[in-house]
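Below is query.pdb, which holds PDB, C-alpha atoms, pLDDT in the B column.
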```
MODEL        1
ATOM      1  CA  MET A  11      84.041 126.515  92.789  1.00 61.00           C
ATOM      2  CA  ALA A  12      81.064 128.037  94.559  1.00 64.00           C
ATOM      3  CA  GLU A  13      78.974 131.121  93.835  1.00 68.00           C
ATOM      4  CA  ARG A  14      77.430 133.438  96.377  1.00 62.00           C
ATOM      5  CA  SER A  15      75.141 136.369  95.686  1.00 64.00           C
ATOM      6  CA  PHE A  16      75.693 139.560  97.606  1.00 64.00           C
ATOM      7  CA  GLN A  17      73.425 142.512  98.094  1.00 59.00           C
ATOM      8  CA  ALA A  18      74.559 145.997  99.011  1.00 58.00           C
ATOM      9  CA  ALA A  19      71.493 146.526 101.158  1.00 55.00           C
ATOM     10  CA  GLY A  20      72.596 149.429 103.304  1.00 57.00           C
ATOM     11  CA  SER A  21      69.922 148.473 105.847  1.00 52.00           C
ATOM     12  CA  SER A  22      70.730 147.262 109.352  1.00 51.00           C
ATOM     13  CA  ARG A  23      67.941 144.656 109.030  1.00 56.00           C
ATOM     14  CA  GLU A  24      69.572 143.064 105.984  1.00 55.00           C
ATOM     15  CA  ARG A  25      73.231 142.691 106.956  1.00 55.00           C
ATOM     16  CA  GLU A  26      73.529 138.981 106.121  1.00 58.00           C
ATOM     17  CA  PRO A  27      73.478 139.373 102.279  1.00 60.00           C
ATOM     18  CA  GLU A  28      76.308 141.913 102.508  1.00 68.00           C
ATOM     19  CA  ASN A  29      78.467 140.240 105.187  1.00 75.00           C
ATOM     20  CA  ALA A  30      81.749 139.127 103.576  1.00 74.00           C
ATOM     21  CA  ARG A  31      82.652 136.820 106.467  1.00 78.00           C
ATOM     22  CA  LEU A  32      79.323 134.990 106.221  1.00 77.00           C
ATOM     23  CA  LEU A  33      79.484 134.778 102.424  1.00 76.00           C
ATOM     24  CA  THR A  34      82.977 133.231 102.566  1.00 78.00           C
ATOM     25  CA  SER A  35      82.451 130.915 105.542  1.00 78.00           C
ATOM     26  CA  GLU A  36      81.033 127.685 104.119  1.00 75.00           C
ATOM     27  CA  ARG A  37      83.963 126.289 102.080  1.00 78.00           C
ATOM     28  CA  GLU A  38      87.726 126.200 101.761  1.00 85.00           C
ATOM     29  CA  TYR A  39      88.851 128.400  98.829  1.00 85.00           C
ATOM     30  CA  ASP A  40      92.040 129.610  97.167  1.00 86.00           C
ATOM     31  CA  ALA A  41      90.755 133.031  96.087  1.00 84.00           C
ATOM     32  CA  VAL A  42      87.619 135.160  96.019  1.00 83.00           C
ATOM     33  CA  VAL A  43      86.449 136.616  92.712  1.00 84.00           C
ATOM     34  CA  VAL A  44      83.948 139.464  93.050  1.00 82.00           C
ATOM     35  CA  LEU A  45      81.905 140.867  90.160  1.00 79.00           C
ATOM     36  CA  ASP A  46      80.305 144.103  91.332  1.00 76.00           C
ATOM     37  CA  ALA A  47      79.331 146.642  88.669  1.00 73.00           C
ATOM     38  CA  GLN A  48      78.638 149.413  91.201  1.00 71.00           C
ATOM     39  CA  GLY A  49      81.753 148.692  93.273  1.00 70.00           C
ATOM     40  CA  GLU A  50      80.041 149.189  96.645  1.00 73.00           C
ATOM     41  CA  PHE A  51      80.479 145.622  97.896  1.00 74.00           C
ATOM     42  CA  ALA A  52      83.816 145.020  96.165  1.00 77.00           C
ATOM     43  CA  ARG A  53      85.388 148.108  97.729  1.00 74.00           C
ATOM     44  CA  GLU A  54      85.027 146.636 101.220  1.00 74.00           C
ATOM     45  CA  LEU A  55      85.813 142.978 100.417  1.00 77.00           C
ATOM     46  CA  PRO A  56      89.633 142.744 100.676  1.00 79.00           C
ATOM     47  CA  TYR A  57      90.726 141.855 104.214  1.00 77.00           C
ATOM     48  CA  ARG A  58      87.130 141.039 105.248  1.00 79.00           C
ATOM     49  CA  THR A  59      86.865 137.444 104.001  1.00 83.00           C
ATOM     50  CA  LEU A  60      86.859 134.643 106.566  1.00 84.00           C
ATOM     51  CA  LEU A  61      90.068 133.105 105.218  1.00 86.00           C
ATOM     52  CA  PRO A  62      93.035 135.290 104.256  1.00 84.00           C
ATOM     53  CA  ARG A  63      92.925 134.796 100.486  1.00 84.00           C
ATOM     54  CA  PRO A  64      93.484 137.024  97.433  1.00 84.00           C
ATOM     55  CA  VAL A  65      90.508 138.998  96.147  1.00 84.00           C
ATOM     56  CA  LEU A  66      90.208 139.308  92.363  1.00 79.00           C
ATOM     57  CA  GLY A  67      87.760 140.876  89.932  1.00 78.00           C
ATOM     58  CA  SER A  68      86.078 144.190  90.730  1.00 73.00           C
ATOM     59  CA  ASN A  69      88.546 144.879  93.533  1.00 73.00           C
ATOM     60  CA  GLY A  70      91.841 143.527  94.717  1.00 70.00           C
ATOM     61  CA  LEU A  71      93.745 142.100  91.766  1.00 76.00           C
ATOM     62  CA  VAL A  72      92.212 143.445  88.532  1.00 80.00           C
ATOM     63  CA  ALA A  73      93.135 142.529  84.940  1.00 84.00           C
ATOM     64  CA  GLN A  74      93.962 145.730  83.066  1.00 88.00           C
ATOM     65  CA  ALA A  75      95.373 146.690  79.693  1.00 90.00           C
ATOM     66  CA  TRP A  76      97.486 149.383  81.369  1.00 93.00           C
ATOM     67  CA  SER A  77      98.451 150.633  84.798  1.00 92.00           C
ATOM     68  CA  PRO A  78     100.508 153.717  85.620  1.00 92.00           C
ATOM     69  CA  PHE A  79     102.315 151.451  88.118  1.00 92.00           C
ATOM     70  CA  HIS A  80     103.720 149.164  85.386  1.00 91.00           C
ATOM     71  CA  GLU A  81     107.469 149.621  85.790  1.00 91.00           C
ATOM     72  CA  ARG A  82     109.099 147.432  83.136  1.00 91.00           C
ATOM     73  CA  HIS A  83     109.915 147.543  79.433  1.00 90.00           C
ATOM     74  CA  GLY A  84     109.980 151.346  79.109  1.00 92.00           C
ATOM     75  CA  ALA A  85     106.488 151.712  80.594  1.00 94.00           C
ATOM     76  CA  PRO A  86     107.507 154.425  83.086  1.00 94.00           C
ATOM     77  CA  GLN A  87     108.686 156.629  80.205  1.00 96.00           C
ATOM     78  CA  LEU A  88     105.389 156.179  78.345  1.00 95.00           C
ATOM     79  CA  SER A  89     103.429 156.912  81.524  1.00 95.00           C
ATOM     80  CA  ARG A  90     105.493 160.045  82.270  1.00 96.00           C
ATOM     81  CA  ARG A  91     105.080 161.385  78.726  1.00 96.00           C
ATOM     82  CA  PHE A  92     101.321 160.866  78.930  1.00 97.00           C
ATOM     83  CA  LEU A  93     101.145 162.522  82.374  1.00 96.00           C
ATOM     84  CA  ARG A  94     103.163 165.507  81.156  1.00 97.00           C
ATOM     85  CA  ARG A  95     100.876 166.057  78.164  1.00 97.00           C
ATOM     86  CA  THR A  96      97.516 165.405  79.817  1.00 97.00           C
ATOM     87  CA  GLY A  97      98.040 166.151  83.498  1.00 96.00           C
ATOM     88  CA  ARG A  98      96.661 162.735  84.522  1.00 96.00           C
ATOM     89  CA  ALA A  99      97.794 159.124  84.745  1.00 95.00           C
ATOM     90  CA  MET A 100      97.383 156.865  81.722  1.00 95.00           C
ATOM     91  CA  ALA A 101      94.492 154.397  82.113  1.00 93.00           C
ATOM     92  CA  SER A 102      93.618 151.277  80.112  1.00 93.00           C
ATOM     93  CA  HIS A 103      91.351 153.146  77.692  1.00 95.00           C
ATOM     94  CA  ASP A 104      94.119 155.699  77.044  1.00 96.00           C
ATOM     95  CA  TRP A 105      96.611 152.926  76.320  1.00 94.00           C
ATOM     96  CA  ALA A 106      94.107 151.228  73.962  1.00 94.00           C
ATOM     97  CA  THR A 107      93.693 154.473  72.010  1.00 95.00           C
ATOM     98  CA  TRP A 108      97.448 154.996  71.912  1.00 95.00           C
ATOM     99  CA  ILE A 109      98.199 151.429  70.730  1.00 93.00           C
ATOM    100  CA  ALA A 110      95.528 151.684  67.998  1.00 93.00           C
ATOM    101  CA  ALA A 111      97.139 154.881  66.690  1.00 94.00           C
ATOM    102  CA  ARG A 112     100.582 153.307  66.957  1.00 94.00           C
ATOM    103  CA  ALA A 113      99.479 150.197  65.013  1.00 93.00           C
ATOM    104  CA  ALA A 114      97.959 152.408  62.313  1.00 93.00           C
ATOM    105  CA  ALA A 115     101.176 154.433  62.060  1.00 95.00           C
ATOM    106  CA  GLU A 116     103.316 151.269  61.902  1.00 94.00           C
ATOM    107  CA  VAL A 117     101.286 149.680  59.107  1.00 94.00           C
ATOM    108  CA  VAL A 118     101.092 152.912  57.085  1.00 94.00           C
ATOM    109  CA  GLY A 119     104.849 153.387  57.483  1.00 94.00           C
ATOM    110  CA  ALA A 120     105.647 149.848  56.376  1.00 93.00           C
ATOM    111  CA  TYR A 121     102.990 149.603  53.637  1.00 94.00           C
ATOM    112  CA  ASN A 122     102.637 153.231  52.529  1.00 92.00           C
ATOM    113  CA  ARG A 123     102.010 152.346  48.878  1.00 94.00           C
ATOM    114  CA  SER A 124      99.403 149.692  49.700  1.00 93.00           C
ATOM    115  CA  THR A 125      95.643 149.996  49.825  1.00 93.00           C
ATOM    116  CA  ILE A 126      93.830 150.107  53.149  1.00 92.00           C
ATOM    117  CA  ALA A 127      92.623 146.547  52.534  1.00 93.00           C
ATOM    118  CA  GLN A 128      96.225 145.403  52.027  1.00 93.00           C
ATOM    119  CA  GLN A 129      97.333 147.247  55.163  1.00 92.00           C
ATOM    120  CA  LEU A 130      94.571 145.584  57.201  1.00 90.00           C
ATOM    121  CA  GLN A 131      95.594 142.221  55.766  1.00 90.00           C
ATOM    122  CA  ALA A 132      99.200 142.870  56.846  1.00 90.00           C
ATOM    123  CA  LEU A 133      97.969 143.541  60.382  1.00 88.00           C
ATOM    124  CA  ARG A 134      95.883 140.343  60.372  1.00 86.00           C
ATOM    125  CA  GLN A 135      98.732 138.195  59.105  1.00 84.00           C
ATOM    126  CA  GLY A 136     101.054 139.398  61.856  1.00 83.00           C
ATOM    127  CA  ALA A 137     103.360 141.156  59.384  1.00 86.00           C
ATOM    128  CA  ILE A 138     103.232 144.212  61.669  1.00 88.00           C
ATOM    129  CA  ALA A 139     104.341 143.915  65.276  1.00 89.00           C
ATOM    130  CA  VAL A 140     103.932 146.868  67.622  1.00 92.00           C
ATOM    131  CA  ASP A 141     105.884 147.751  70.757  1.00 92.00           C
ATOM    132  CA  GLY A 142     103.259 148.218  73.475  1.00 91.00           C
ATOM    133  CA  PHE A 143     105.764 148.709  76.333  1.00 93.00           C
ATOM    134  CA  LYS A 144     104.772 145.322  77.767  1.00 89.00           C
ATOM    135  CA  GLY A 145     107.921 143.322  77.071  1.00 85.00           C
ATOM    136  CA  GLN A 146     107.078 141.705  73.763  1.00 84.00           C
ATOM    137  CA  ARG A 147     105.994 142.836  70.345  1.00 87.00           C
ATOM    138  CA  LEU A 148     102.221 142.814  69.928  1.00 89.00           C
ATOM    139  CA  THR A 149     100.419 141.406  66.891  1.00 87.00           C
ATOM    140  CA  PHE A 150      96.824 140.907  65.824  1.00 85.00           C
ATOM    141  CA  ARG A 151      95.152 137.508  65.652  1.00 80.00           C
ATOM    142  CA  GLY A 152      94.307 136.570  62.098  1.00 76.00           C
ATOM    143  CA  TRP A 153      91.092 134.746  62.973  1.00 73.00           C
ATOM    144  CA  ASP A 154      89.339 137.480  64.989  1.00 74.00           C
ATOM    145  CA  GLY A 155      91.434 140.646  64.640  1.00 77.00           C
ATOM    146  CA  GLN A 156      92.085 140.865  68.388  1.00 80.00           C
ATOM    147  CA  LEU A 157      95.327 142.396  69.623  1.00 84.00           C
ATOM    148  CA  ARG A 158      97.590 139.819  71.259  1.00 83.00           C
ATOM    149  CA  GLN A 159      98.856 141.516  74.392  1.00 85.00           C
ATOM    150  CA  PRO A 160      99.993 140.760  77.918  1.00 87.00           C
ATOM    151  CA  VAL A 161      97.465 141.675  80.611  1.00 85.00           C
ATOM    152  CA  LEU A 162      98.565 143.500  83.738  1.00 88.00           C
ATOM    153  CA  LEU A 163      97.273 142.021  86.993  1.00 84.00           C
ATOM    154  CA  ALA A 164      97.140 145.203  89.030  1.00 85.00           C
ATOM    155  CA  HIS A 165      95.937 146.401  92.402  1.00 80.00           C
ATOM    156  CA  GLY A 166      95.505 149.884  93.809  1.00 75.00           C
ATOM    157  CA  ASN A 167      99.199 150.533  94.368  1.00 78.00           C
ATOM    158  CA  GLY A 168     100.999 148.441  91.788  1.00 85.00           C
ATOM    159  CA  VAL A 169     101.204 145.587  89.329  1.00 84.00           C
ATOM    160  CA  ALA A 170     101.469 142.162  90.944  1.00 84.00           C
ATOM    161  CA  GLU A 171     102.112 140.159  87.766  1.00 80.00           C
ATOM    162  CA  VAL A 172     101.832 140.211  83.998  1.00 79.00           C
ATOM    163  CA  ALA A 173      99.816 137.468  82.277  1.00 77.00           C
ATOM    164  CA  PRO A 174     100.276 135.089  80.585  1.00 70.00           C
ATOM    165  CA  LEU A 175     101.925 133.446  83.545  1.00 61.00           C
ATOM    166  CA  ASP A 176     104.687 130.888  83.136  1.00 67.00           C
ATOM    167  CA  GLY A 177     103.530 127.335  82.529  1.00 62.00           C
ATOM    168  CA  PHE A 178     100.829 127.977  79.919  1.00 54.00           C
ATOM    169  CA  PRO A 179     102.405 126.899  76.617  1.00 55.00           C
ATOM    170  CA  HIS A 180     100.737 127.487  73.249  1.00 50.00           C
ATOM    171  CA  PRO A 181     101.795 126.241  69.796  1.00 50.00           C
ATOM    172  CA  ARG A 182     101.720 129.742  68.214  1.00 59.00           C
ATOM    173  CA  SER A 183     101.997 132.400  70.909  1.00 54.00           C
ATOM    174  CA  ALA A 184     101.830 132.355  74.708  1.00 51.00           C
ATOM    175  CA  LEU A 185      99.594 135.422  74.351  1.00 56.00           C
ATOM    176  CA  ASP A 186      96.968 133.184  72.726  1.00 50.00           C
ATOM    177  CA  THR A 187      96.514 131.444  76.095  1.00 47.00           C
ATOM    178  CA  LEU A 188      94.585 134.529  77.266  1.00 52.00           C
ATOM    179  CA  GLY A 189      90.885 134.220  76.444  1.00 55.00           C
ATOM    180  CA  PHE A 190      89.361 131.926  73.863  1.00 55.00           C
ATOM    181  CA  ASP A 191      91.479 130.493  71.069  1.00 56.00           C
ATOM    182  CA  ALA A 192      90.389 129.993  67.447  1.00 53.00           C
ATOM    183  CA  GLY A 193      88.876 126.545  67.963  1.00 55.00           C
ATOM    184  CA  GLU A 194      86.926 127.657  71.040  1.00 55.00           C
ATOM    185  CA  SER A 195      85.201 130.721  69.596  1.00 54.00           C
ATOM    186  CA  ALA A 196      82.507 131.351  67.004  1.00 60.00           C
ATOM    187  CA  CYS A 197      83.982 134.825  66.338  1.00 56.00           C
ATOM    188  CA  ARG A 198      85.397 135.189  62.862  1.00 55.00           C
ATOM    189  CA  GLY A 199      86.721 138.638  62.508  1.00 53.00           C
ATOM    190  CA  ALA A 200      86.581 142.344  62.925  1.00 47.00           C
ATOM    191  CA  LEU A 201      89.391 143.229  60.495  1.00 42.00           C
ATOM    192  CA  ARG A 202      88.066 141.878  57.225  1.00 41.00           C
TER
ENDMDL
END
```

Representation of the structure as structure tokens:
Amino acid sequence: MAERSFQAAGSSREREPENARLLTSEREYDAVVVLDAQGEFARELPYRTLLPRPVLGSNGLVAQAWSPFHERHGAPQLSRRFLRRTGRAMASHDWATWIAARAAAEVVGAYNRSTIAQQLQALRQGAIAVDGFKGQRLTFRGWDGQLRQPVLLAHGNGVAEVAPLDGFPHPRSALDTLGFDAGESACRGALR
């Protein structure tokens, strides 16, 4: 693995720090990962690297919670309903808001005579599983309160794959292969 710094200079005198072919010329590589908060350099990177390799990160293949191009598990119906009501495509932040409301509705429906603390505990223990239109029921991790969910690996015109990818086994849930697991993190909980 090698790191290269880029600079969106915009000046003809400083083309070297923004030249994708020069930045990707010194080593053999399987993929290019670009982290560009402004998006100026990342926008131009695909198809400009020295070797024809996938571009990931701020452009190319991007990990997203939702994409309007996700076409499995009832996702097109959810996307169409959202588009009809709002007049725009559903984005990751829209899906996150929707899944939070759905989880709240599920736990209140199942534990309507329980206290809020008991409802939160049910979420943490995995007693409530929510359909997120991603192919498997979603639950919350007990140790940090994070939603276990597949991640869409999307590009501008579609979804290339859904992670976790095959071949990453886990003793509890394949979804726990995404990110840090309990033993690897100092985080101890948002849903207490």

Exercise. One decimal, Å: what's the distance from atom CA of A:Tyr57 over to atom CA of A:Glu38, could you say?
Key: 16.1 Å

Practice problem: Name the closest residue to A:Gly119 among the candidates A:Ala132, A:Val72, A:Asp40, A:Ser102; distances are taken between atoms, counting only C-alpha atoms. | Solution: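 Ranked by minimum distance to A:Gly119, first place goes to A:Ala132.
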
Quiz item: Between A:Phe143, A:Val161, A:Ile138, A:Thr107, which has the minimum distance to A:Ala120 (counting only C-alpha atoms)?
Solution: A:Ile138

Exercise. Choose the residue, out of A:Ala106, A:Ala30, A:Val117, A:Ala139, that has the smallest atom-to-atom separation from A:Phe51; count only C-alpha atoms.
Key: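 Selected residue with least distance to A:Phe51: A:Ala30.
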
Quiz item: Distance atom CA of A:Leu148-atom CA of A:Ile109, one decimal place?
Solution: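 Rounded to one decimal, the two atoms are 9.5 Å apart.
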
Exercise. List the residues selected by the PyMOL selection byres ((chain A and resi 171) around 10) in the file shown, writing them as a list of chain:residue names.
Key: A:Leu71, A:Ala73, A:His80, A:Val161, A:Leu162, A:Leu163, A:Ala164, A:His165, A:Gly168, A:Val169, A:Ala170, A:Val172, A:Ala173, A:Pro174, A:Leu175

Practice problem: Given the file shown, enumerate the residues that the PyMOL selection byres ((chain A and resi 158) around 8) captures and present them as a ChimeraX atom specification. | Solution: /A:148-151,156-157,159-160,185-186

Exercise. Name the closest residue to A:Ser68 among the candidates A:Ala115, A:Ala47, A:Leu88, A:Ala101; distances are taken between atoms, counting all atoms listed in the file.
Key: A:Ala47

Taking all atoms of stretch 99-114 of chain A that the file lists, what box with edges along x, y and z, padded by 5 Å per side, do you get, with centre and edge lengths in Å to one decimal, as AutoDock Vina command-line options?
```
--center_x 96.0 --center_y 154.7 --center_z 73.5 --size_x 19.2 --size_y 18.9 --size_z 32.4
```

Practice problem: Could you please determine the separation between atom CA of A:Arg82 and atom CA of A:Gly142 in Å, to one decimal place? | Solution: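 Distance reported for this atom pair: 11.3 Å.
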
Self-check item: A:Gln129, A:Gln135, A:Asn167, A:Gln146 ranked by distance to A:His83, top pick (using only C-alpha atoms)
Solution: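 Of all the options, A:Gln146 lies closest to A:His83.
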
Practice problem: Take the point (84.2, 146.1, 93.9) as written in the file and pick out every residue within 12 Å of it, counting all atoms listed in the file; give the list as a PyMOL selection string. | Solution: chain A and resi 16+18+42-56+65-72+165-166

Could you give me, as JSON lines, a per-residue list for stretch 54-115 of chain A showing, wherever an atom lies at most 10 Å from an atom of stretch 32-37 of chain A, the closest pair of atoms and their distance in Å to one decimal, using all atoms listed in the file and sorting by chain then residue number from low to high?
```
{"residue": "A:Arg58", "atom": "CA", "partner": "A:Thr34", "partner_atom": "CA", "distance": 9.2}
{"residue": "A:Thr59", "atom": "CA", "partner": "A:Thr34", "partner_atom": "CA", "distance": 5.9}
{"residue": "A:Leu60", "atom": "CA", "partner": "A:Thr34", "partner_atom": "CA", "distance": 5.8}
{"residue": "A:Leu61", "atom": "CA", "partner": "A:Thr34", "partner_atom": "CA", "distance": 7.6}
```

Practice problem: Using all atoms listed in the file, pick whichever of A:Gln87, A:Gln131, A:Ser77, A:Ser124 has the shortest atom-to-atom distance to A:Asp104. | Solution: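 Checking each of A:Gln87, A:Gln131, A:Ser77, A:Ser124 against A:Asp104, counting all atoms listed in the file, the winner is A:Ser77.
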